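Input: a single structure, listed below in structure tokens.
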Amino acid sequence: MSELVATQLQNGLTCSLPSDSPLAKLLKSQRTWVGPDAKTRLNILRAAKSVAIVGASPNPARSSYFVGTYLLQSSNYRVYFVNPNADEILGHKAYPDLASLPEVPDIVDVFRKASDIPSVIDDVLASGARTVWVQLGIWNEEAARYGEEQGLTVVMDRCIKVEHARFHGGLNLFGFDTGQISSKKQLV
Amino acid sequence: MADREYGFRTRAIHAGNIPDSATGARALPIYQSTAFVFDDTSDAAARFALQKYGNIYSRLANPTVASFEERVASLEGGLGAVATASGLSAQYITFASLVGSGDHIVASANLYGGSITQLDVTLRRFGVETTFVQSANAEDYAAAITDETKLIFAETIANPSGEIADIEALADVAHAHGIPLVIDSTIATPYLNRPIEWGADIVTHSATKFLGGHGTTLGGVVVESGRFDWHTDKFPLFGQKVPSYGGLEWTGNFGEYAFLTRLRAEQLRDIGPALSATAAATLAQGVETLSYRMQAHVDNARIVATWLQQDPRIEAVYWAGLDSHPHHARAEKYLPKGAGSVFSFVVKGGRAVGQKLIESVNLASHVANIGDTKTLIIHPASTTHAQLTEQQLLDAGVLPGVVRLSVGIEDADDIIYDLDQALAQAVEA
Ligand SMILES: Cc1ncc(COP(=O)(O)O)c(C=O)c1O
């Protein structure tokens, strides 16, 4: 597994991608695990109130920093940063592990290398969180299956920032089915 | 709250119509505005670059139109939809997004006449070849596929032959060749069949017909499943940089949303057949009663088709709901609620008697349309399908003596009374 680097996508969004390969494309032919479809991912993001970023970095060049900035500014989530080697990230307290958070997060967003994912999944399970979201460019099928067997909802190789921006940024205005039905005024 | 899966009837009424945040208007507001103000210059730039979805100009997107789109997408079980000014333009932008000069389409020979000429004349002139498959068997579609083939196109219920597409088998054939199955589901509507549930990738509609349902408004819509992997050698445009949008890549930036985002941002932008807000509001209101109307349509169709079949003045009735129809078993599989309400029949005595019948009706309306609340009648060979050659007419199942009915939702007795008296006059003459 190559190192993940912050990459600016053409649409201006930033995400973590492997430094040496168009990995997602390369590996896709050998992939057998299929994650939740777009509508399900939309529902995951809609239902969540809190997100913990595991592997959050205080380094402004890292993609987790961009994601953290985005979530703090453009979402209503309560955002927690998990990093045992940092005290503070983006002006917020950094927690040493999931167990130290003041609440059980709805989504655990993971910026760790593929081989670390199984142990992250164990931490997620121990914390009581129900959804683990493994960032774009990270792929570990065994870990994903293991997480699902343990009852977790697993999203993998997806950028939470891109997905949230996509869904948050007026999907309904472009004729997509948001799955939202309500007799109350639309929240903006 | 959001985790309830609301039913079809509820979604037909509510999907895409959350009360307006500014005014609280309960009915769908008609945003009769060509353009929409930006918050500031960076907001304008972000919307133009597709960094965020937002209203810009009503050729690209309009909030009233978007409501109609979301409603149809919800009912079809698609990821989203793009509405157009007519059914034919819905098909046209779909084809324009997927084929170019040198490419090939495999289509059913049993299509609406305008669809045949769109493919056979206009697209052929642009260098796109279409092979029209005369058989309804998936193997024969497979045999027509070449390296250049980019899609398969068929109608759920063909007009006017009543033939039913074997959607599941056609989807398998398409996917085995790495290409999508596109289904025109105008006559079925999502109440009778949802092609995406049977493996289709794209569904098009002439919303002019049953979706709008009242014979007032032209419109079309393209729904996509979000399941097809467009990022392959067959469709290189999905993986290439798009200079007109700051170098983004459709699949790279939009994932499953790539096809529909591109269809709107490129094909609607460049070709321009946008649906108007007023038309969208009328069509969306029509969709609210889709379930009730379609049930009444197929109930009446069954009564009228059965009556016609038993009448000695009638030679044949081509409604797949009858067990005499070659696709009766398919109809039971794909259309258990009913095989639609558009079908044809042949009057004994041929073309002249058929024409006299049409001239003698008092309740059924002699118009070139289908999918109205009113019963409609026409002689396809000399009207809707007149642009076809003799051979194309035969291939499309349009024999010279064929009369087409679009059974409305009046009292069934009255529809039969009208046909009976018209038949009496026709046979007498
Ligand atoms: C099955 C079918 N597809 C497409 C069309 C074209 O739709 P429109 O007239 O809305 O362009 C029609 C009717 O005209 C039709 O009957």
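Scheme for the structure tokens: letters A, B, ... for chains in order shown; per-chain residue numbers from 1; ligand numbers from 1 in order shown.
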
Query - Shell of 10 Å around ligand 1 (only C-alpha atoms and all ligand atoms), written as a VMD selection string - result: chain B and resid 84 to 92 110 to 116 154 to 160 183 to 188 204 to 210 217 to 221 342 368 to 371 384

**Report entry** Residues of range 54-163 of chain A in strand (DSSP E or B), written as an MDAnalysis selection string
**Finding:** chainID A and resid 54 78:82 88:89 92:95 107:110 131:134 153:155

Dump as a CSV table (one decimal), in the first residue's frame, selection limited to N, CA, C and O atoms:
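The result, written out as result-v3.csv:
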chain,number,residue,atom,x,y,z
A,54,VAL,N,-10.9,9.4,12.5
A,54,VAL,CA,-9.8,8.6,13.1
A,54,VAL,C,-8.6,8.7,12.1
A,54,VAL,O,-8.8,8.5,10.9
A,78,ARG,N,-21.6,17.1,14.7
A,78,ARG,CA,-20.6,17.3,15.7
A,78,ARG,C,-19.4,16.5,15.3
A,78,ARG,O,-19.5,15.3,15.1
A,79,VAL,N,-18.3,17.2,15.1
A,79,VAL,CA,-17.1,16.6,14.6
A,79,VAL,C,-16.1,16.4,15.7
A,79,VAL,O,-15.8,17.3,16.5
A,80,TYR,N,-15.5,15.2,15.8
A,80,TYR,CA,-14.5,14.8,16.8
A,80,TYR,C,-13.2,14.4,16.0
A,80,TYR,O,-13.3,13.6,15.0
A,81,PHE,N,-12.1,14.8,16.6
A,81,PHE,CA,-10.8,14.4,16.0
A,81,PHE,C,-10.1,13.4,16.9
A,81,PHE,O,-10.0,13.6,18.1
A,82,VAL,N,-9.7,12.3,16.3
A,82,VAL,CA,-9.0,11.2,17.0
A,82,VAL,C,-7.6,11.1,16.5
A,82,VAL,O,-7.3,10.8,15.4
A,88,GLU,N,-4.6,19.2,19.7
A,88,GLU,CA,-5.6,20.1,19.2
A,88,GLU,C,-5.5,20.0,17.7
A,88,GLU,O,-4.4,20.0,17.1
A,89,ILE,N,-6.7,19.9,17.0
A,89,ILE,CA,-6.7,20.0,15.5
A,89,ILE,C,-7.8,20.9,15.2
A,89,ILE,O,-9.0,20.8,15.6
A,92,HIS,N,-9.9,22.3,17.8
A,92,HIS,CA,-10.7,21.4,18.6
A,92,HIS,C,-9.8,20.4,19.3
A,92,HIS,O,-8.8,20.1,18.8
A,93,LYS,N,-10.3,20.0,20.5
A,93,LYS,CA,-9.5,19.0,21.2
A,93,LYS,C,-9.3,17.7,20.4
A,93,LYS,O,-10.3,17.3,19.7
A,94,ALA,N,-8.1,17.1,20.4
A,94,ALA,CA,-7.9,15.8,19.7
A,94,ALA,C,-8.0,14.8,20.8
A,94,ALA,O,-7.3,14.9,21.9
A,95,TYR,N,-8.7,13.7,20.5
A,95,TYR,CA,-8.9,12.6,21.5
A,95,TYR,C,-7.9,11.5,21.2
A,95,TYR,O,-7.6,11.2,20.0
A,107,ILE,N,-20.9,8.2,12.8
A,107,ILE,CA,-20.0,7.7,11.8
A,107,ILE,C,-18.5,7.8,12.2
A,107,ILE,O,-18.2,8.8,12.8
A,108,VAL,N,-17.8,6.7,12.0
A,108,VAL,CA,-16.3,6.8,12.3
A,108,VAL,C,-15.7,6.9,10.9
A,108,VAL,O,-15.7,5.9,10.1
A,109,ASP,N,-15.1,8.0,10.6
A,109,ASP,CA,-14.4,8.3,9.3
A,109,ASP,C,-12.9,8.0,9.4
A,109,ASP,O,-12.3,8.5,10.3
A,110,VAL,N,-12.4,7.1,8.6
A,110,VAL,CA,-11.1,6.5,8.8
A,110,VAL,C,-10.0,7.0,7.8
A,110,VAL,O,-10.2,6.7,6.6
A,131,THR,N,-21.4,2.7,12.2
A,131,THR,CA,-21.0,2.9,10.8
A,131,THR,C,-19.5,3.3,10.8
A,131,THR,O,-19.1,4.2,11.4
A,132,VAL,N,-18.8,2.5,9.9
A,132,VAL,CA,-17.4,2.9,9.7
A,132,VAL,C,-17.3,3.3,8.2
A,132,VAL,O,-17.7,2.6,7.3
A,133,TRP,N,-16.7,4.4,8.0
A,133,TRP,CA,-16.5,5.0,6.7
A,133,TRP,C,-15.1,5.1,6.4
A,133,TRP,O,-14.3,6.0,6.9
A,134,VAL,N,-14.6,4.2,5.5
A,134,VAL,CA,-13.2,4.2,5.2
A,134,VAL,C,-12.9,5.1,3.9
A,134,VAL,O,-13.6,4.9,2.9
A,153,THR,N,-22.3,-1.1,9.5
A,153,THR,CA,-22.4,-0.6,8.2
A,153,THR,C,-21.1,-0.1,7.7
A,153,THR,O,-20.4,0.7,8.4
A,154,VAL,N,-20.6,-0.6,6.6
A,154,VAL,CA,-19.3,-0.3,6.1
A,154,VAL,C,-19.3,0.4,4.8
A,154,VAL,O,-20.0,-0.1,3.8
A,155,VAL,N,-18.7,1.6,4.7
A,155,VAL,CA,-18.5,2.3,3.4
A,155,VAL,C,-17.0,2.3,3.2
A,155,VAL,O,-16.3,2.5,4.2

Query raised in the report: Could you write out as a PyMOL selection string the residues of chain B within 8 Å of chain A, counting only C-alpha atoms?
Result: chain B and resi 2+11+14-21+24+49-55+61-63+65-71+73-74+78-82+226+246-249+253-254+256+261

Output the selection as an mmCIF file, in the first residue's frame - C-alpha atoms for each residue.
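Written file, selection24.cif:
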data_model
loop_
_atom_site.group_PDB
_atom_site.id
_atom_site.type_symbol
_atom_site.label_atom_id
_atom_site.label_comp_id
_atom_site.auth_asym_id
_atom_site.auth_seq_id
_atom_site.Cartn_x
_atom_site.Cartn_y
_atom_site.Cartn_z
ATOM 1 C CA ALA B 2 -36.645 9.569 7.226
ATOM 2 C CA ARG B 11 -44.584 8.988 -3.303
ATOM 3 C CA HIS B 14 -45.308 13.765 -2.153
ATOM 4 C CA ALA B 15 -41.972 12.935 -3.784
ATOM 5 C CA GLY B 16 -40.250 16.121 -4.921
ATOM 6 C CA ASN B 17 -42.782 18.358 -3.198
ATOM 7 C CA ILE B 18 -41.598 19.320 0.262
ATOM 8 C CA PRO B 19 -43.359 22.618 1.113
ATOM 9 C CA ASP B 20 -41.536 25.642 -0.200
ATOM 10 C CA SER B 21 -39.121 27.002 2.430
ATOM 11 C CA GLY B 24 -44.788 27.431 2.844
ATOM 12 C CA ALA B 49 -18.196 24.680 -12.459
ATOM 13 C CA LEU B 50 -20.656 22.088 -11.042
ATOM 14 C CA GLN B 51 -18.826 22.265 -7.724
ATOM 15 C CA LYS B 52 -22.243 22.565 -6.268
ATOM 16 C CA TYR B 53 -25.639 21.812 -7.670
ATOM 17 C CA GLY B 54 -27.686 24.975 -7.901
ATOM 18 C CA ASN B 55 -30.099 26.846 -10.104
ATOM 19 C CA ALA B 61 -32.490 23.045 -14.238
ATOM 20 C CA ASN B 62 -35.604 24.627 -12.766
ATOM 21 C CA PRO B 63 -37.048 23.925 -9.303
ATOM 22 C CA VAL B 65 -39.096 20.776 -13.229
ATOM 23 C CA ALA B 66 -36.802 19.223 -10.612
ATOM 24 C CA SER B 67 -39.858 18.304 -8.522
ATOM 25 C CA PHE B 68 -41.374 16.456 -11.427
ATOM 26 C CA GLU B 69 -38.039 14.762 -12.102
ATOM 27 C CA GLU B 70 -37.621 13.613 -8.522
ATOM 28 C CA ARG B 71 -41.182 12.300 -8.423
ATOM 29 C CA ALA B 73 -37.305 8.975 -10.377
ATOM 30 C CA SER B 74 -38.800 7.936 -7.062
ATOM 31 C CA GLY B 78 -34.056 5.338 -10.203
ATOM 32 C CA LEU B 79 -31.235 7.450 -8.861
ATOM 33 C CA GLY B 80 -32.622 10.555 -10.509
ATOM 34 C CA ALA B 81 -34.157 11.922 -13.670
ATOM 35 C CA VAL B 82 -33.787 14.590 -16.322
ATOM 36 C CA GLY B 226 -27.107 4.666 -11.060
ATOM 37 C CA GLY B 246 -12.895 23.216 -15.554
ATOM 38 C CA GLY B 247 -11.367 19.847 -16.413
ATOM 39 C CA LEU B 248 -13.529 17.677 -14.159
ATOM 40 C CA GLU B 249 -14.168 14.034 -15.041
ATOM 41 C CA ASN B 253 -16.183 13.591 -9.753
ATOM 42 C CA PHE B 254 -19.743 12.359 -9.676
ATOM 43 C CA GLU B 256 -22.936 7.036 -9.695
ATOM 44 C CA THR B 261 -25.224 14.993 -14.238
#

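By only C-alpha atoms, and with residues fewer than 3 positions from range 65-70 of chain A along its chain excluded, the set lying at most 8 Å from it is Thr14, Cys15, Ile53, Ala56, Ser57, Pro58, Asn59, Pro60, Ala61, Arg62, Gln73, Ser74, Ser75, Val79, Leu90, Ile160 and Lys161 of chain A.
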
**Report entry** Polymer residues at most 9 Å from Gly212 in chain B, only C-alpha atoms, same-chain spacing of 6 or more positions, as a VMD selection string
**Finding:** chain B and resid 218 to 219 282 to 287 290 371 to 372

Restricted to N, CA, C and O atoms, what would the selected residues look like written as a PDB file, in the first residue's frame?
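Ended up saving to result_26.pdb:
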ATOM      1  N   LEU B 218     -47.133  18.345 -23.390  1.00  0.00           N
ATOM      2  CA  LEU B 218     -46.009  17.539 -23.864  1.00  0.00           C
ATOM      3  C   LEU B 218     -44.879  17.523 -22.843  1.00  0.00           C
ATOM      4  O   LEU B 218     -44.599  18.535 -22.201  1.00  0.00           O
ATOM      5  N   GLY B 219     -44.230  16.396 -22.741  1.00  0.00           N
ATOM      6  CA  GLY B 219     -43.071  16.313 -21.864  1.00  0.00           C
ATOM      7  C   GLY B 219     -42.425  14.949 -21.975  1.00  0.00           C
ATOM      8  O   GLY B 219     -43.022  13.996 -22.484  1.00  0.00           O
ATOM      9  N   THR B 282     -48.024  20.817 -14.434  1.00  0.00           N
ATOM     10  CA  THR B 282     -49.194  20.069 -14.922  1.00  0.00           C
ATOM     11  C   THR B 282     -48.900  18.570 -14.931  1.00  0.00           C
ATOM     12  O   THR B 282     -49.727  17.762 -14.498  1.00  0.00           O
ATOM     13  N   LEU B 283     -47.712  18.224 -15.402  1.00  0.00           N
ATOM     14  CA  LEU B 283     -47.355  16.801 -15.461  1.00  0.00           C
ATOM     15  C   LEU B 283     -47.227  16.223 -14.046  1.00  0.00           C
ATOM     16  O   LEU B 283     -47.685  15.107 -13.776  1.00  0.00           O
ATOM     17  N   ALA B 284     -46.615  16.985 -13.142  1.00  0.00           N
ATOM     18  CA  ALA B 284     -46.440  16.499 -11.770  1.00  0.00           C
ATOM     19  C   ALA B 284     -47.800  16.289 -11.102  1.00  0.00           C
ATOM     20  O   ALA B 284     -47.998  15.337 -10.335  1.00  0.00           O
ATOM     21  N   GLN B 285     -48.747  17.177 -11.393  1.00  0.00           N
ATOM     22  CA  GLN B 285     -50.090  16.997 -10.830  1.00  0.00           C
ATOM     23  C   GLN B 285     -50.740  15.734 -11.409  1.00  0.00           C
ATOM     24  O   GLN B 285     -51.400  14.982 -10.698  1.00  0.00           O
ATOM     25  N   GLY B 286     -50.513  15.499 -12.692  1.00  0.00           N
ATOM     26  CA  GLY B 286     -51.023  14.274 -13.292  1.00  0.00           C
ATOM     27  C   GLY B 286     -50.483  13.042 -12.586  1.00  0.00           C
ATOM     28  O   GLY B 286     -51.225  12.097 -12.289  1.00  0.00           O
ATOM     29  N   VAL B 287     -49.200  13.055 -12.282  1.00  0.00           N
ATOM     30  CA  VAL B 287     -48.572  11.883 -11.666  1.00  0.00           C
ATOM     31  C   VAL B 287     -49.203  11.568 -10.298  1.00  0.00           C
ATOM     32  O   VAL B 287     -49.235  10.411  -9.878  1.00  0.00           O
ATOM     33  N   LEU B 290     -51.571   8.854 -10.685  1.00  0.00           N
ATOM     34  CA  LEU B 290     -51.156   7.810 -11.633  1.00  0.00           C
ATOM     35  C   LEU B 290     -51.725   6.430 -11.285  1.00  0.00           C
ATOM     36  O   LEU B 290     -52.265   5.733 -12.139  1.00  0.00           O
ATOM     37  N   GLY B 371     -52.923   7.695 -24.036  1.00  0.00           N
ATOM     38  CA  GLY B 371     -52.688   8.021 -22.637  1.00  0.00           C
ATOM     39  C   GLY B 371     -53.435   9.231 -22.139  1.00  0.00           C
ATOM     40  O   GLY B 371     -52.941   9.963 -21.284  1.00  0.00           O
ATOM     41  N   ASP B 372     -54.631   9.435 -22.628  1.00  0.00           N
ATOM     42  CA  ASP B 372     -55.515  10.484 -22.126  1.00  0.00           C
ATOM     43  C   ASP B 372     -56.548   9.792 -21.232  1.00  0.00           C
ATOM     44  O   ASP B 372     -56.736   8.578 -21.327  1.00  0.00           O
TER      45      ASP B 372
END

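Coordinates place CA of Thr64 in chain B at a distance of 7.0 Å from CA of Leu28 in chain B.
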
Requested in this report: Identify, with DSSP run on backbone atoms, the residues in range 76-168 of chain A assigned to alpha helix (DSSP H), and express the list as number ranges by chain.
Outcome: A: 117-127, 141-149, 160-168

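The residue set within 7 Å of Ser406 in chain B, counting only C-alpha atoms and dropping same-chain residues fewer than 2 places from it, reads B:Ser341, B:Val342, B:Phe343, B:Ile370, B:Gly371, B:Thr375, B:Leu376, B:Ile377, B:Arg404, B:Gly408.
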
Report summary line: Shortest contact to His214 in chain B, candidates B:Asp299, B:Gln355, B:Leu405, B:Thr373, atoms counted only C-alpha atoms, goes to B:Thr373

Report task. For Arg351 in chain B, please output as a ChimeraX atom specification all residues within 10 Å (counting only C-alpha atoms; exclusion window: fewer than 6 positions along the same chain). Result -> /B:357,379,381-382,399-403

Export N, CA, C and O atoms of the chosen residues as a PDB file, in the first residue's frame?
ATOM      1  N   LEU B 357     -65.184   2.715 -39.325  1.00  0.00           N
ATOM      2  CA  LEU B 357     -65.394   2.587 -37.879  1.00  0.00           C
ATOM      3  C   LEU B 357     -64.914   3.860 -37.171  1.00  0.00           C
ATOM      4  O   LEU B 357     -65.621   4.430 -36.333  1.00  0.00           O
ATOM      5  N   HIS B 379     -56.147   5.150 -36.905  1.00  0.00           N
ATOM      6  CA  HIS B 379     -55.709   4.154 -37.884  1.00  0.00           C
ATOM      7  C   HIS B 379     -54.210   4.369 -38.092  1.00  0.00           C
ATOM      8  O   HIS B 379     -53.794   5.239 -38.864  1.00  0.00           O
ATOM      9  N   ALA B 381     -51.690   2.962 -39.641  1.00  0.00           N
ATOM     10  CA  ALA B 381     -50.977   2.825 -40.914  1.00  0.00           C
ATOM     11  C   ALA B 381     -51.042   4.097 -41.743  1.00  0.00           C
ATOM     12  O   ALA B 381     -50.127   4.382 -42.519  1.00  0.00           O
ATOM     13  N   SER B 382     -52.113   4.886 -41.583  1.00  0.00           N
ATOM     14  CA  SER B 382     -52.198   6.110 -42.389  1.00  0.00           C
ATOM     15  C   SER B 382     -51.882   7.364 -41.577  1.00  0.00           C
ATOM     16  O   SER B 382     -51.975   8.467 -42.084  1.00  0.00           O
ATOM     17  N   LEU B 399     -50.522  -3.716 -39.365  1.00  0.00           N
ATOM     18  CA  LEU B 399     -51.170  -4.186 -40.587  1.00  0.00           C
ATOM     19  C   LEU B 399     -52.153  -3.113 -41.066  1.00  0.00           C
ATOM     20  O   LEU B 399     -52.629  -2.306 -40.278  1.00  0.00           O
ATOM     21  N   PRO B 400     -52.452  -3.114 -42.382  1.00  0.00           N
ATOM     22  CA  PRO B 400     -53.303  -2.042 -42.932  1.00  0.00           C
ATOM     23  C   PRO B 400     -54.680  -1.946 -42.257  1.00  0.00           C
ATOM     24  O   PRO B 400     -55.236  -0.869 -42.130  1.00  0.00           O
ATOM     25  N   GLY B 401     -55.234  -3.060 -41.816  1.00  0.00           N
ATOM     26  CA  GLY B 401     -56.578  -3.028 -41.225  1.00  0.00           C
ATOM     27  C   GLY B 401     -56.592  -2.743 -39.733  1.00  0.00           C
ATOM     28  O   GLY B 401     -57.639  -2.786 -39.089  1.00  0.00           O
ATOM     29  N   VAL B 402     -55.439  -2.483 -39.171  1.00  0.00           N
ATOM     30  CA  VAL B 402     -55.340  -2.340 -37.716  1.00  0.00           C
ATOM     31  C   VAL B 402     -55.898  -1.000 -37.243  1.00  0.00           C
ATOM     32  O   VAL B 402     -55.596   0.050 -37.805  1.00  0.00           O
ATOM     33  N   VAL B 403     -56.717  -1.070 -36.193  1.00  0.00           N
ATOM     34  CA  VAL B 403     -57.219   0.132 -35.530  1.00  0.00           C
ATOM     35  C   VAL B 403     -56.609   0.162 -34.132  1.00  0.00           C
ATOM     36  O   VAL B 403     -56.599  -0.857 -33.435  1.00  0.00           O
TER      37      VAL B 403
END
